[in-house]
Structure formats: structure tokens, C-alpha cells
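> Next comes the structure file work_13.pdb, holding PDB, C-alpha atoms.
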```pdb
MODEL        1
ATOM      1  CA  MET A 688       0.000   0.000   0.000  1.00  0.00           C
ATOM      2  CA  ARG A 689       1.353   3.389  -0.989  1.00  0.00           C
ATOM      3  CA  ARG A 690       1.593   5.842   1.857  1.00  0.00           C
ATOM      4  CA  ARG A 691       0.028   9.257   1.349  1.00  0.00           C
ATOM      5  CA  VAL A 692       2.222  12.267   1.931  1.00  0.00           C
ATOM      6  CA  ALA A 693       0.641  15.119   3.857  1.00  0.00           C
ATOM      7  CA  GLN A 694       0.164  18.254   1.833  1.00  0.00           C
ATOM      8  CA  TYR A 695       0.201  21.476   3.792  1.00  0.00           C
ATOM      9  CA  CYS A 696      -1.707  23.576   1.330  1.00  0.00           C
ATOM     10  CA  LEU A 697      -5.336  24.514   1.703  1.00  0.00           C
ATOM     11  CA  ARG A 698      -7.064  26.039  -1.290  1.00  0.00           C
ATOM     12  CA  LEU A 699     -10.067  28.209  -0.594  1.00  0.00           C
ATOM     13  CA  PRO A 700     -12.256  30.107  -3.018  1.00  0.00           C
ATOM     14  CA  GLU A 701     -11.248  33.765  -3.017  1.00  0.00           C
ATOM     15  CA  ALA A 702     -14.521  35.025  -1.507  1.00  0.00           C
ATOM     16  CA  LEU A 703     -14.332  32.483   1.327  1.00  0.00           C
ATOM     17  CA  TYR A 704     -10.691  33.347   1.977  1.00  0.00           C
ATOM     18  CA  LYS A 705     -11.571  37.039   2.303  1.00  0.00           C
ATOM     19  CA  ASP A 706     -14.322  36.186   4.796  1.00  0.00           C
ATOM     20  CA  VAL A 707     -11.915  34.005   6.786  1.00  0.00           C
ATOM     21  CA  VAL A 708      -9.325  36.790   6.907  1.00  0.00           C
ATOM     22  CA  ASP A 709     -11.936  39.295   8.089  1.00  0.00           C
ATOM     23  CA  LEU A 710     -13.308  36.934  10.743  1.00  0.00           C
ATOM     24  CA  ALA A 711      -9.810  36.094  11.963  1.00  0.00           C
ATOM     25  CA  LEU A 712      -9.157  39.814  12.390  1.00  0.00           C
ATOM     26  CA  VAL A 713     -12.422  40.264  14.301  1.00  0.00           C
ATOM     27  CA  PHE A 714     -11.403  37.500  16.724  1.00  0.00           C
ATOM     28  CA  ASP A 715      -7.754  38.654  16.791  1.00  0.00           C
ATOM     29  CA  LEU A 716      -6.490  35.305  15.530  1.00  0.00           C
ATOM     30  CA  SER A 717      -4.158  34.281  12.756  1.00  0.00           C
ATOM     31  CA  VAL A 718      -5.893  32.782   9.737  1.00  0.00           C
ATOM     32  CA  ASN A 719      -4.229  29.465  10.562  1.00  0.00           C
ATOM     33  CA  ARG A 720      -5.470  29.493  14.162  1.00  0.00           C
ATOM     34  CA  PHE A 721      -8.965  30.598  13.097  1.00  0.00           C
ATOM     35  CA  LEU A 722      -9.229  27.713  10.612  1.00  0.00           C
ATOM     36  CA  ALA A 723      -7.779  25.232  13.122  1.00  0.00           C
ATOM     37  CA  VAL A 724     -10.385  26.224  15.724  1.00  0.00           C
ATOM     38  CA  ALA A 725     -13.218  26.115  13.172  1.00  0.00           C
ATOM     39  CA  ILE A 726     -12.157  22.667  11.973  1.00  0.00           C
ATOM     40  CA  GLU A 727     -11.746  21.436  15.552  1.00  0.00           C
ATOM     41  CA  LYS A 728     -15.299  22.529  16.421  1.00  0.00           C
ATOM     42  CA  PHE A 729     -16.712  20.948  13.251  1.00  0.00           C
ATOM     43  CA  VAL A 730     -14.909  17.664  13.892  1.00  0.00           C
ATOM     44  CA  ALA A 731     -16.097  17.615  17.511  1.00  0.00           C
ATOM     45  CA  SER A 732     -19.701  18.137  16.399  1.00  0.00           C
ATOM     46  CA  GLN A 733     -19.400  15.329  13.862  1.00  0.00           C
ATOM     47  CA  LEU A 734     -17.904  12.966  16.429  1.00  0.00           C
ATOM     48  CA  GLU A 735     -20.997  13.391  18.595  1.00  0.00           C
ATOM     49  CA  GLN A 736     -23.037  11.538  15.956  1.00  0.00           C
ATOM     50  CA  GLU A 737     -23.177   7.756  16.313  1.00  0.00           C
ATOM     51  CA  SER A 738     -23.245   7.172  12.549  1.00  0.00           C
ATOM     52  CA  THR A 739     -20.023   9.152  12.175  1.00  0.00           C
ATOM     53  CA  LYS A 740     -18.381   7.253  15.017  1.00  0.00           C
ATOM     54  CA  ARG A 741     -19.258   3.947  13.326  1.00  0.00           C
ATOM     55  CA  ALA A 742     -17.981   5.155   9.948  1.00  0.00           C
ATOM     56  CA  ILE A 743     -14.691   6.294  11.470  1.00  0.00           C
ATOM     57  CA  GLU A 744     -14.233   2.981  13.228  1.00  0.00           C
ATOM     58  CA  ARG A 745     -14.752   1.169   9.895  1.00  0.00           C
ATOM     59  CA  VAL A 746     -12.148   3.404   8.239  1.00  0.00           C
ATOM     60  CA  ARG A 747      -9.694   2.720  11.064  1.00  0.00           C
ATOM     61  CA  GLU A 748     -10.339  -1.014  10.859  1.00  0.00           C
ATOM     62  CA  ALA A 749      -9.717  -0.919   7.110  1.00  0.00           C
ATOM     63  CA  ARG A 750      -6.518   1.045   7.646  1.00  0.00           C
ATOM     64  CA  ARG A 751      -5.320  -1.491  10.229  1.00  0.00           C
ATOM     65  CA  ALA A 752      -6.116  -4.265   7.745  1.00  0.00           C
ATOM     66  CA  GLY A 753      -4.000  -2.508   5.131  1.00  0.00           C
ATOM     67  CA  LEU A 754      -6.837  -1.430   2.880  1.00  0.00           C
ATOM     68  CA  ALA A 755      -6.517   1.953   1.197  1.00  0.00           C
ATOM     69  CA  ARG A 756     -10.208   2.809   1.536  1.00  0.00           C
ATOM     70  CA  LEU A 757     -13.607   1.260   2.015  1.00  0.00           C
ATOM     71  CA  ASP A 758     -16.033   0.710  -0.818  1.00  0.00           C
ATOM     72  CA  ASP A 759     -17.878   4.009  -1.472  1.00  0.00           C
ATOM     73  CA  THR A 760     -21.210   2.195  -1.290  1.00  0.00           C
ATOM     74  CA  GLU A 761     -20.461   0.939   2.207  1.00  0.00           C
ATOM     75  CA  MET A 762     -19.496   4.427   3.368  1.00  0.00           C
ATOM     76  CA  ARG A 763     -22.652   6.034   1.932  1.00  0.00           C
ATOM     77  CA  HIS A 764     -24.786   3.352   3.571  1.00  0.00           C
ATOM     78  CA  GLU A 765     -23.029   3.844   6.921  1.00  0.00           C
ATOM     79  CA  ASN A 766     -23.393   7.639   6.798  1.00  0.00           C
ATOM     80  CA  SER A 767     -27.109   7.487   5.994  1.00  0.00           C
ATOM     81  CA  ALA A 768     -27.861   5.257   9.002  1.00  0.00           C
TER      82      ALA A 768
ENDMDL
END
```
Mind turning this structure into C-alpha cells?

Amino acid sequence: MRRRVAQYCLRLPEALYKDVVDLALVFDLSVNRFLAVAIEKFVASQLEQESTKRAIERVREARRAGLARLDDTEMRHENSA
């Protein structure tokens, strides 16, 4: 299995980027910190959902088994439960 290399580049549409910059200034945060906090809050809210917890566990099991990814159909089914 080929290992993915982390890419440290986030591409945002220009209008969204401008909004992020403005909001970061309002909250006196760097753009990086603002996005990190926003992502952290989104992830936490997703992890409160049982269907998401189950889907993540399946992904982790597949990773431990050496599979690159689960079948898309299985993931859609799991997320709709």
C-alpha cells in the first residue's frame, strides 16, 4: 500500500478566503489558528453523531487491515444510518 504524503496547502475560493481573513481579524487570531479552531469545532460536532463514530471505526479497521479505503457504497450506507 502506498503511503500518502501530507500536503500542507489549503485552497479556498477567493470570496471564502476574504471572509476568513476578516473573521480572523475580528477574533484577533491568525488565519491558521482561526481555521484550526473552526475545523476542531466541526470535527467535535461530527464525532458526537453515532453514525459518524461507526464510519470512522470502519475506516480505522480498514486502515489497520491494510486497505486503502472502504467501498464508497459501504461508506454512503453507513453515513445514511
> Of the residues A:Asp709, A:Ala742, A:Ala725, A:Asn719, which is the one nearest to Cys696 (chain A), using all atoms listed in the file?
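Counting all atoms listed in the file, the residue closest to Cys696 (chain A) is A:Asn719.
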> For a test of reading the model, state the distance in Å between CA of Gln733 (chain A) and CA of Glu748 (chain A), rounded to one decimal.
18.9 Å
> Measure the distance from CA of Ala723 (chain A) to CA of Lys705 (chain A) in Å and round it to one decimal.
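Taking CA of Ala723 (chain A) as the start and CA of Lys705 (chain A) as the end point, the length is 16.5 Å.
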> May I have the protein, DNA and RNA residues with an atom at most 12 Å from (-3.3, 27.8, 3.3), counting only C-alpha atoms in the file's coordinates, returned as a list in words?
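Protein and nucleic acid residues near the point are Gln694, Tyr695, Cys696, Leu697, Arg698, Leu699, Pro700, Glu701, Tyr704, Val707, Val708, Ser717, Val718, Asn719, Arg720, Phe721, Leu722 and Ala723 of chain A.
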> So how far away is CA of Leu734 (chain A) from CA of Val746 (chain A), in Å?
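The value is 13.8 Å.
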